[in-house]
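Step one of this worksheet: look at the structure below.
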Amino acid sequence: MSGTVAVVTGAAGDIGLAIAQRLSQTHDKILLVDLNAEALASISKDLGDAFTPHICDVTSPTDCAAMAASATALGNVTTLVNNAGAARAVSLGDTTPEIFKQDMALNLEACYLTFQALEPALRETSGSLVNIASVNGLGVFGHPAYSAAKAGMLHLTKLIAVEYGKYGIRSNAVAPGTVRTQAWEDRAAVNPNVFEEAKRWYPLQRVARPVDIANAVAFLSGPEATAISGVCLPVDCGLLAGQAELARTFSQSDNY
């Protein structure tokens, strides 16, 4: 390593923190980007000098520009991970125009803004962009505004791969299914059977862990994947494969 920097948005969450910790094995500095100052301070106190917290609203061009300046001040930015995201309304009927705008801003527009801010730095290092998408962008699993934004993120990932490949920038995405985060642990506290009930949708009979997502990011941003760009890697314990099999079963049925 030689003064390399990875930027991780949504770093105060379970998945973001796992990604940051995993990338610290291959980068000198990690810029922990999050809007939640309290959560960012809480995780930062237990991390080493390699981690620098930065409060940022990734839906704000001004904040993203300031974030990029902080990142480049740390060293050579080689990796950007767009992990910040959230889902609000479960159904389209419950989705208000304001919720739709908020989900688009955080889950899609922010990916453009952070990349735009850090594009000069990534061009200098022939760096890597990894967007954390979702199986919701590849299938219909509810949360329509969030899902539409994630589908847009996947197309943006490909657009960046094609347009910026000539500068050596690689652009890929990871699409998690259900991930065992604290939010899901909270659900399990209310319904102890929640993970057992979810298993039936997952051929591996489990849901992913934050470290599973982090390992996929490390691979796509690392030297083993230097010829990989413009792809989406599902990390979903077989969920999407199972959905395809279900559709095939119906198509072969006499009652279809």
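Following the order of the structure tokens, first chain is A, next is B, and so on, with residues numbered from 1 inside each chain and ligands from 1 in the order they appear.
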Within 12 Å of Ala6 of chain A, counting only C-alpha atoms, which residues show up once you throw out same-chain ones fewer than 3 positions away? Write them as a PDB file with N, CA, C and O atoms, in the first residue's frame, please.
```pdb
ATOM      1  N   MET A   1       0.834  -1.199   0.000  1.00  0.00           N
ATOM      2  CA  MET A   1       0.000   0.000   0.000  1.00  0.00           C
ATOM      3  C   MET A   1       0.868   1.247   0.000  1.00  0.00           C
ATOM      4  O   MET A   1       1.930   1.259   0.600  1.00  0.00           O
ATOM      5  N   GLY A   3      -0.272   5.044   0.505  1.00  0.00           N
ATOM      6  CA  GLY A   3      -1.149   6.181   0.693  1.00  0.00           C
ATOM      7  C   GLY A   3      -2.493   6.035   0.031  1.00  0.00           C
ATOM      8  O   GLY A   3      -3.029   7.008  -0.489  1.00  0.00           O
ATOM      9  N   THR A   9     -19.593   5.319   2.076  1.00  0.00           N
ATOM     10  CA  THR A   9     -20.745   6.083   2.548  1.00  0.00           C
ATOM     11  C   THR A   9     -21.672   5.166   3.338  1.00  0.00           C
ATOM     12  O   THR A   9     -21.645   3.947   3.195  1.00  0.00           O
ATOM     13  N   ALA A  11     -21.370   4.654   6.395  1.00  0.00           N
ATOM     14  CA  ALA A  11     -20.371   3.862   7.118  1.00  0.00           C
ATOM     15  C   ALA A  11     -20.754   3.553   8.555  1.00  0.00           C
ATOM     16  O   ALA A  11     -20.176   2.655   9.167  1.00  0.00           O
ATOM     17  N   GLY A  16     -22.046  -0.886   6.236  1.00  0.00           N
ATOM     18  CA  GLY A  16     -21.000   0.088   5.949  1.00  0.00           C
ATOM     19  C   GLY A  16     -19.776  -0.108   6.815  1.00  0.00           C
ATOM     20  O   GLY A  16     -18.634  -0.029   6.338  1.00  0.00           O
ATOM     21  N   ILE A  19     -17.845  -3.162   5.673  1.00  0.00           N
ATOM     22  CA  ILE A  19     -17.097  -2.849   4.448  1.00  0.00           C
ATOM     23  C   ILE A  19     -15.843  -2.047   4.785  1.00  0.00           C
ATOM     24  O   ILE A  19     -14.751  -2.330   4.280  1.00  0.00           O
ATOM     25  N   ALA A  20     -15.998  -1.036   5.620  1.00  0.00           N
ATOM     26  CA  ALA A  20     -14.860  -0.191   5.998  1.00  0.00           C
ATOM     27  C   ALA A  20     -13.767  -1.009   6.672  1.00  0.00           C
ATOM     28  O   ALA A  20     -12.572  -0.855   6.370  1.00  0.00           O
ATOM     29  N   GLN A  21     -14.149  -1.878   7.578  1.00  0.00           N
ATOM     30  CA  GLN A  21     -13.160  -2.695   8.285  1.00  0.00           C
ATOM     31  C   GLN A  21     -12.471  -3.665   7.333  1.00  0.00           C
ATOM     32  O   GLN A  21     -11.262  -3.889   7.448  1.00  0.00           O
ATOM     33  N   ARG A  22     -13.211  -4.218   6.412  1.00  0.00           N
ATOM     34  CA  ARG A  22     -12.606  -5.144   5.444  1.00  0.00           C
ATOM     35  C   ARG A  22     -11.645  -4.401   4.514  1.00  0.00           C
ATOM     36  O   ARG A  22     -10.538  -4.896   4.232  1.00  0.00           O
ATOM     37  N   LEU A  23     -12.020  -3.228   4.056  1.00  0.00           N
ATOM     38  CA  LEU A  23     -11.160  -2.468   3.143  1.00  0.00           C
ATOM     39  C   LEU A  23      -9.927  -1.905   3.844  1.00  0.00           C
ATOM     40  O   LEU A  23      -8.937  -1.572   3.180  1.00  0.00           O
ATOM     41  N   SER A  24      -9.969  -1.809   5.158  1.00  0.00           N
ATOM     42  CA  SER A  24      -8.785  -1.338   5.884  1.00  0.00           C
ATOM     43  C   SER A  24      -7.634  -2.334   5.780  1.00  0.00           C
ATOM     44  O   SER A  24      -6.489  -1.990   6.074  1.00  0.00           O
ATOM     45  N   GLN A  25      -7.933  -3.556   5.351  1.00  0.00           N
ATOM     46  CA  GLN A  25      -6.885  -4.550   5.143  1.00  0.00           C
ATOM     47  C   GLN A  25      -6.104  -4.309   3.850  1.00  0.00           C
ATOM     48  O   GLN A  25      -5.007  -4.830   3.678  1.00  0.00           O
ATOM     49  N   THR A  26      -6.687  -3.517   2.944  1.00  0.00           N
ATOM     50  CA  THR A  26      -6.056  -3.292   1.645  1.00  0.00           C
ATOM     51  C   THR A  26      -5.840  -1.818   1.329  1.00  0.00           C
ATOM     52  O   THR A  26      -5.341  -1.488   0.251  1.00  0.00           O
ATOM     53  N   HIS A  27      -6.244  -0.931   2.232  1.00  0.00           N
ATOM     54  CA  HIS A  27      -6.069   0.508   2.045  1.00  0.00           C
ATOM     55  C   HIS A  27      -5.415   1.103   3.291  1.00  0.00           C
ATOM     56  O   HIS A  27      -5.606   0.608   4.397  1.00  0.00           O
ATOM     57  N   ASP A  28      -4.678   2.184   3.097  1.00  0.00           N
ATOM     58  CA  ASP A  28      -4.029   2.852   4.223  1.00  0.00           C
ATOM     59  C   ASP A  28      -5.009   3.651   5.061  1.00  0.00           C
ATOM     60  O   ASP A  28      -4.887   3.715   6.282  1.00  0.00           O
ATOM     61  N   LYS A  29      -5.950   4.302   4.389  1.00  0.00           N
ATOM     62  CA  LYS A  29      -6.898   5.168   5.075  1.00  0.00           C
ATOM     63  C   LYS A  29      -8.317   4.862   4.605  1.00  0.00           C
ATOM     64  O   LYS A  29      -8.543   4.558   3.438  1.00  0.00           O
ATOM     65  N   ILE A  30      -9.257   4.983   5.542  1.00  0.00           N
ATOM     66  CA  ILE A  30     -10.673   4.807   5.233  1.00  0.00           C
ATOM     67  C   ILE A  30     -11.410   6.059   5.668  1.00  0.00           C
ATOM     68  O   ILE A  30     -11.316   6.464   6.844  1.00  0.00           O
ATOM     69  N   LEU A  31     -12.122   6.683   4.747  1.00  0.00           N
ATOM     70  CA  LEU A  31     -12.970   7.819   5.092  1.00  0.00           C
ATOM     71  C   LEU A  31     -14.372   7.289   5.363  1.00  0.00           C
ATOM     72  O   LEU A  31     -15.035   6.764   4.469  1.00  0.00           O
ATOM     73  N   LEU A  32     -14.800   7.411   6.624  1.00  0.00           N
ATOM     74  CA  LEU A  32     -16.114   6.940   7.057  1.00  0.00           C
ATOM     75  C   LEU A  32     -17.112   8.073   6.864  1.00  0.00           C
ATOM     76  O   LEU A  32     -17.098   9.062   7.600  1.00  0.00           O
ATOM     77  N   VAL A  33     -18.001   7.923   5.895  1.00  0.00           N
ATOM     78  CA  VAL A  33     -18.935   8.992   5.532  1.00  0.00           C
ATOM     79  C   VAL A  33     -20.343   8.623   6.000  1.00  0.00           C
ATOM     80  O   VAL A  33     -20.853   7.544   5.672  1.00  0.00           O
ATOM     81  N   ALA A  50      -6.395   4.656  11.194  1.00  0.00           N
ATOM     82  CA  ALA A  50      -6.608   4.522   9.750  1.00  0.00           C
ATOM     83  C   ALA A  50      -7.988   5.008   9.331  1.00  0.00           C
ATOM     84  O   ALA A  50      -8.233   5.246   8.152  1.00  0.00           O
ATOM     85  N   PHE A  51      -8.883   5.193  10.303  1.00  0.00           N
ATOM     86  CA  PHE A  51     -10.266   5.556  10.012  1.00  0.00           C
ATOM     87  C   PHE A  51     -10.527   7.018  10.355  1.00  0.00           C
ATOM     88  O   PHE A  51     -10.235   7.464  11.467  1.00  0.00           O
ATOM     89  N   THR A  52     -11.082   7.741   9.382  1.00  0.00           N
ATOM     90  CA  THR A  52     -11.398   9.153   9.578  1.00  0.00           C
ATOM     91  C   THR A  52     -12.884   9.377   9.355  1.00  0.00           C
ATOM     92  O   THR A  52     -13.396   9.127   8.258  1.00  0.00           O
ATOM     93  N   ALA A  68     -15.180  15.020  -0.813  1.00  0.00           N
ATOM     94  CA  ALA A  68     -14.117  14.669  -1.758  1.00  0.00           C
ATOM     95  C   ALA A  68     -12.810  15.360  -1.394  1.00  0.00           C
ATOM     96  O   ALA A  68     -11.726  14.773  -1.498  1.00  0.00           O
ATOM     97  N   SER A  70     -11.866  16.207   1.615  1.00  0.00           N
ATOM     98  CA  SER A  70     -11.340  15.514   2.792  1.00  0.00           C
ATOM     99  C   SER A  70     -10.682  14.198   2.402  1.00  0.00           C
ATOM    100  O   SER A  70      -9.635  13.825   2.945  1.00  0.00           O
ATOM    101  N   ALA A  71     -11.297  13.503   1.451  1.00  0.00           N
ATOM    102  CA  ALA A  71     -10.752  12.213   1.017  1.00  0.00           C
ATOM    103  C   ALA A  71      -9.405  12.387   0.339  1.00  0.00           C
ATOM    104  O   ALA A  71      -8.443  11.660   0.626  1.00  0.00           O
ATOM    105  N   THR A  72      -9.302  13.341  -0.566  1.00  0.00           N
ATOM    106  CA  THR A  72      -8.055  13.535  -1.303  1.00  0.00           C
ATOM    107  C   THR A  72      -6.948  14.070  -0.392  1.00  0.00           C
ATOM    108  O   THR A  72      -5.764  13.865  -0.666  1.00  0.00           O
ATOM    109  N   LEU A  74      -6.353  12.935   2.442  1.00  0.00           N
ATOM    110  CA  LEU A  74      -5.808  11.763   3.141  1.00  0.00           C
ATOM    111  C   LEU A  74      -4.805  10.991   2.292  1.00  0.00           C
ATOM    112  O   LEU A  74      -3.953  10.273   2.829  1.00  0.00           O
ATOM    113  N   GLY A  75      -4.923  11.092   0.958  1.00  0.00           N
ATOM    114  CA  GLY A  75      -4.043  10.329   0.077  1.00  0.00           C
ATOM    115  C   GLY A  75      -4.669  10.094  -1.276  1.00  0.00           C
ATOM    116  O   GLY A  75      -5.502  10.887  -1.735  1.00  0.00           O
ATOM    117  N   ASN A  76      -4.287   9.007  -1.905  1.00  0.00           N
ATOM    118  CA  ASN A  76      -4.768   8.673  -3.249  1.00  0.00           C
ATOM    119  C   ASN A  76      -6.042   7.836  -3.152  1.00  0.00           C
ATOM    120  O   ASN A  76      -6.014   6.689  -2.699  1.00  0.00           O
ATOM    121  N   VAL A  77      -7.135   8.417  -3.586  1.00  0.00           N
ATOM    122  CA  VAL A  77      -8.424   7.720  -3.499  1.00  0.00           C
ATOM    123  C   VAL A  77      -8.492   6.645  -4.580  1.00  0.00           C
ATOM    124  O   VAL A  77      -8.499   6.949  -5.776  1.00  0.00           O
ATOM    125  N   THR A  78      -8.538   5.395  -4.153  1.00  0.00           N
ATOM    126  CA  THR A  78      -8.579   4.277  -5.103  1.00  0.00           C
ATOM    127  C   THR A  78      -9.921   3.558  -5.120  1.00  0.00           C
ATOM    128  O   THR A  78     -10.214   2.825  -6.056  1.00  0.00           O
ATOM    129  N   THR A  79     -10.741   3.797  -4.085  1.00  0.00           N
ATOM    130  CA  THR A  79     -12.016   3.072  -3.993  1.00  0.00           C
ATOM    131  C   THR A  79     -13.105   3.967  -3.424  1.00  0.00           C
ATOM    132  O   THR A  79     -12.898   4.657  -2.425  1.00  0.00           O
ATOM    133  N   LEU A  80     -14.255   3.939  -4.090  1.00  0.00           N
ATOM    134  CA  LEU A  80     -15.464   4.588  -3.582  1.00  0.00           C
ATOM    135  C   LEU A  80     -16.551   3.534  -3.470  1.00  0.00           C
ATOM    136  O   LEU A  80     -16.848   2.830  -4.439  1.00  0.00           O
ATOM    137  N   VAL A  81     -17.123   3.422  -2.287  1.00  0.00           N
ATOM    138  CA  VAL A  81     -18.231   2.488  -2.062  1.00  0.00           C
ATOM    139  C   VAL A  81     -19.467   3.286  -1.693  1.00  0.00           C
ATOM    140  O   VAL A  81     -19.517   3.927  -0.631  1.00  0.00           O
ATOM    141  N   ASN A  82     -20.462   3.266  -2.563  1.00  0.00           N
ATOM    142  CA  ASN A  82     -21.728   3.937  -2.291  1.00  0.00           C
ATOM    143  C   ASN A  82     -22.652   2.965  -1.571  1.00  0.00           C
ATOM    144  O   ASN A  82     -23.349   2.155  -2.188  1.00  0.00           O
ATOM    145  N   LEU A 118     -15.785  12.674  -6.739  1.00  0.00           N
ATOM    146  CA  LEU A 118     -14.523  11.942  -6.609  1.00  0.00           C
ATOM    147  C   LEU A 118     -13.976  11.438  -7.945  1.00  0.00           C
ATOM    148  O   LEU A 118     -12.901  10.836  -7.972  1.00  0.00           O
ATOM    149  N   ALA A 121     -10.291  12.222  -8.761  1.00  0.00           N
ATOM    150  CA  ALA A 121      -9.366  11.446  -7.936  1.00  0.00           C
ATOM    151  C   ALA A 121      -9.308   9.995  -8.390  1.00  0.00           C
ATOM    152  O   ALA A 121      -8.222   9.394  -8.466  1.00  0.00           O
ATOM    153  N   LEU A 122     -10.450   9.418  -8.713  1.00  0.00           N
ATOM    154  CA  LEU A 122     -10.484   8.036  -9.185  1.00  0.00           C
ATOM    155  C   LEU A 122      -9.824   7.899 -10.551  1.00  0.00           C
ATOM    156  O   LEU A 122      -9.213   6.872 -10.860  1.00  0.00           O
ATOM    157  N   THR A 125      -6.054   7.531 -10.189  1.00  0.00           N
ATOM    158  CA  THR A 125      -5.570   6.251  -9.649  1.00  0.00           C
ATOM    159  C   THR A 125      -6.086   5.046 -10.415  1.00  0.00           C
ATOM    160  O   THR A 125      -5.792   3.913 -10.040  1.00  0.00           O
ATOM    161  N   GLY A 127      -9.111   4.083 -10.366  1.00  0.00           N
ATOM    162  CA  GLY A 127      -9.752   3.515  -9.187  1.00  0.00           C
ATOM    163  C   GLY A 127     -10.989   2.704  -9.474  1.00  0.00           C
ATOM    164  O   GLY A 127     -11.365   2.446 -10.621  1.00  0.00           O
ATOM    165  N   SER A 128     -11.643   2.310  -8.382  1.00  0.00           N
ATOM    166  CA  SER A 128     -12.782   1.404  -8.454  1.00  0.00           C
ATOM    167  C   SER A 128     -13.988   1.990  -7.723  1.00  0.00           C
ATOM    168  O   SER A 128     -13.863   2.522  -6.627  1.00  0.00           O
ATOM    169  N   LEU A 129     -15.150   1.866  -8.360  1.00  0.00           N
ATOM    170  CA  LEU A 129     -16.421   2.246  -7.764  1.00  0.00           C
ATOM    171  C   LEU A 129     -17.234   0.981  -7.522  1.00  0.00           C
ATOM    172  O   LEU A 129     -17.366   0.144  -8.419  1.00  0.00           O
ATOM    173  N   VAL A 130     -17.751   0.834  -6.307  1.00  0.00           N
ATOM    174  CA  VAL A 130     -18.653  -0.283  -6.009  1.00  0.00           C
ATOM    175  C   VAL A 130     -19.922   0.301  -5.394  1.00  0.00           C
ATOM    176  O   VAL A 130     -19.879   0.924  -4.321  1.00  0.00           O
ATOM    177  N   VAL A 217     -17.371  -6.729  -1.811  1.00  0.00           N
ATOM    178  CA  VAL A 217     -16.837  -5.404  -2.150  1.00  0.00           C
ATOM    179  C   VAL A 217     -15.322  -5.451  -2.260  1.00  0.00           C
ATOM    180  O   VAL A 217     -14.731  -4.893  -3.194  1.00  0.00           O
ATOM    181  N   ALA A 218     -14.689  -6.126  -1.316  1.00  0.00           N
ATOM    182  CA  ALA A 218     -13.223  -6.229  -1.340  1.00  0.00           C
ATOM    183  C   ALA A 218     -12.752  -6.924  -2.610  1.00  0.00           C
ATOM    184  O   ALA A 218     -11.744  -6.531  -3.210  1.00  0.00           O
ATOM    185  N   SER A 221     -13.321  -4.572  -5.741  1.00  0.00           N
ATOM    186  CA  SER A 221     -12.449  -3.390  -5.743  1.00  0.00           C
ATOM    187  C   SER A 221     -10.975  -3.760  -5.752  1.00  0.00           C
ATOM    188  O   SER A 221     -10.121  -2.880  -5.880  1.00  0.00           O
ATOM    189  N   GLY A 222     -10.673  -5.047  -5.635  1.00  0.00           N
ATOM    190  CA  GLY A 222      -9.296  -5.476  -5.470  1.00  0.00           C
ATOM    191  C   GLY A 222      -8.615  -5.954  -6.739  1.00  0.00           C
ATOM    192  O   GLY A 222      -9.206  -5.970  -7.823  1.00  0.00           O
TER     193      GLY A 222
END
```
All residues 12 Å or closer to Val174 of chain A, only C-alpha atoms, same chain fewer than 4 positions away omitted, as a PyMOL selection string
chain A and resi 15+19+81-83+129-138+150+153-154+157+212-221+229-236
Skip Asp57 of chain A itself and residues of its chain fewer than 6 positions away, then list as an NGL selection string all residues within 10 Å of it, counting only C-alpha atoms.
:A and (9-10 or 33-36 or 63-64 or 67 or 84 or 106 or 110)
Closest to Tyr112 of chain A among A:Val179, A:Pro203, A:Ser60, A:Glu124, using only C-alpha atoms?
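The closest residue to Tyr112 of chain A is A:Ser60.
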Quick check for you: according to DSSP on this backbone, which residues of segment 41-98 of chain A are classed as strand (DSSP E or B)? Reply as number ranges by chain.
A: 51-55, 76-82
Go ahead and write the selection's residues with N, CA and C atoms as a PDB file, in the first residue's frame.
```pdb
ATOM      1  N   PHE A  51      -8.883   5.193  10.303  1.00  0.00           N
ATOM      2  CA  PHE A  51     -10.266   5.556  10.012  1.00  0.00           C
ATOM      3  C   PHE A  51     -10.527   7.018  10.355  1.00  0.00           C
ATOM      4  N   THR A  52     -11.082   7.741   9.382  1.00  0.00           N
ATOM      5  CA  THR A  52     -11.398   9.153   9.578  1.00  0.00           C
ATOM      6  C   THR A  52     -12.884   9.377   9.355  1.00  0.00           C
ATOM      7  N   PRO A  53     -13.613   9.832  10.371  1.00  0.00           N
ATOM      8  CA  PRO A  53     -15.047  10.088  10.191  1.00  0.00           C
ATOM      9  C   PRO A  53     -15.292  11.406   9.470  1.00  0.00           C
ATOM     10  N   HIS A  54     -16.354  11.437   8.672  1.00  0.00           N
ATOM     11  CA  HIS A  54     -16.705  12.676   7.969  1.00  0.00           C
ATOM     12  C   HIS A  54     -18.221  12.737   7.862  1.00  0.00           C
ATOM     13  N   ILE A  55     -18.809  13.743   8.480  1.00  0.00           N
ATOM     14  CA  ILE A  55     -20.259  13.931   8.423  1.00  0.00           C
ATOM     15  C   ILE A  55     -20.621  14.532   7.067  1.00  0.00           C
ATOM     16  N   ASN A  76      -4.287   9.007  -1.905  1.00  0.00           N
ATOM     17  CA  ASN A  76      -4.768   8.673  -3.249  1.00  0.00           C
ATOM     18  C   ASN A  76      -6.042   7.836  -3.152  1.00  0.00           C
ATOM     19  N   VAL A  77      -7.135   8.417  -3.586  1.00  0.00           N
ATOM     20  CA  VAL A  77      -8.424   7.720  -3.499  1.00  0.00           C
ATOM     21  C   VAL A  77      -8.492   6.645  -4.580  1.00  0.00           C
ATOM     22  N   THR A  78      -8.538   5.395  -4.153  1.00  0.00           N
ATOM     23  CA  THR A  78      -8.579   4.277  -5.103  1.00  0.00           C
ATOM     24  C   THR A  78      -9.921   3.558  -5.120  1.00  0.00           C
ATOM     25  N   THR A  79     -10.741   3.797  -4.085  1.00  0.00           N
ATOM     26  CA  THR A  79     -12.016   3.072  -3.993  1.00  0.00           C
ATOM     27  C   THR A  79     -13.105   3.967  -3.424  1.00  0.00           C
ATOM     28  N   LEU A  80     -14.255   3.939  -4.090  1.00  0.00           N
ATOM     29  CA  LEU A  80     -15.464   4.588  -3.582  1.00  0.00           C
ATOM     30  C   LEU A  80     -16.551   3.534  -3.470  1.00  0.00           C
ATOM     31  N   VAL A  81     -17.123   3.422  -2.287  1.00  0.00           N
ATOM     32  CA  VAL A  81     -18.231   2.488  -2.062  1.00  0.00           C
ATOM     33  C   VAL A  81     -19.467   3.286  -1.693  1.00  0.00           C
ATOM     34  N   ASN A  82     -20.462   3.266  -2.563  1.00  0.00           N
ATOM     35  CA  ASN A  82     -21.728   3.937  -2.291  1.00  0.00           C
ATOM     36  C   ASN A  82     -22.652   2.965  -1.571  1.00  0.00           C
TER      37      ASN A  82
END
```
Nearest residue to Gln205 of chain A from the set A:Gly48, A:Cys237, A:Tyr164, A:Ala12 (distances using only C-alpha atoms)
A:Cys237
For a quick check of understanding, using only C-alpha atoms, which of A:Gly85, A:Gly13, A:Pro97, A:Pro144 has the smallest distance to Pro210 of chain A?
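Going through A:Gly85, A:Gly13, A:Pro97, A:Pro144 one by one, the smallest distance to Pro210 of chain A is for A:Gly13.
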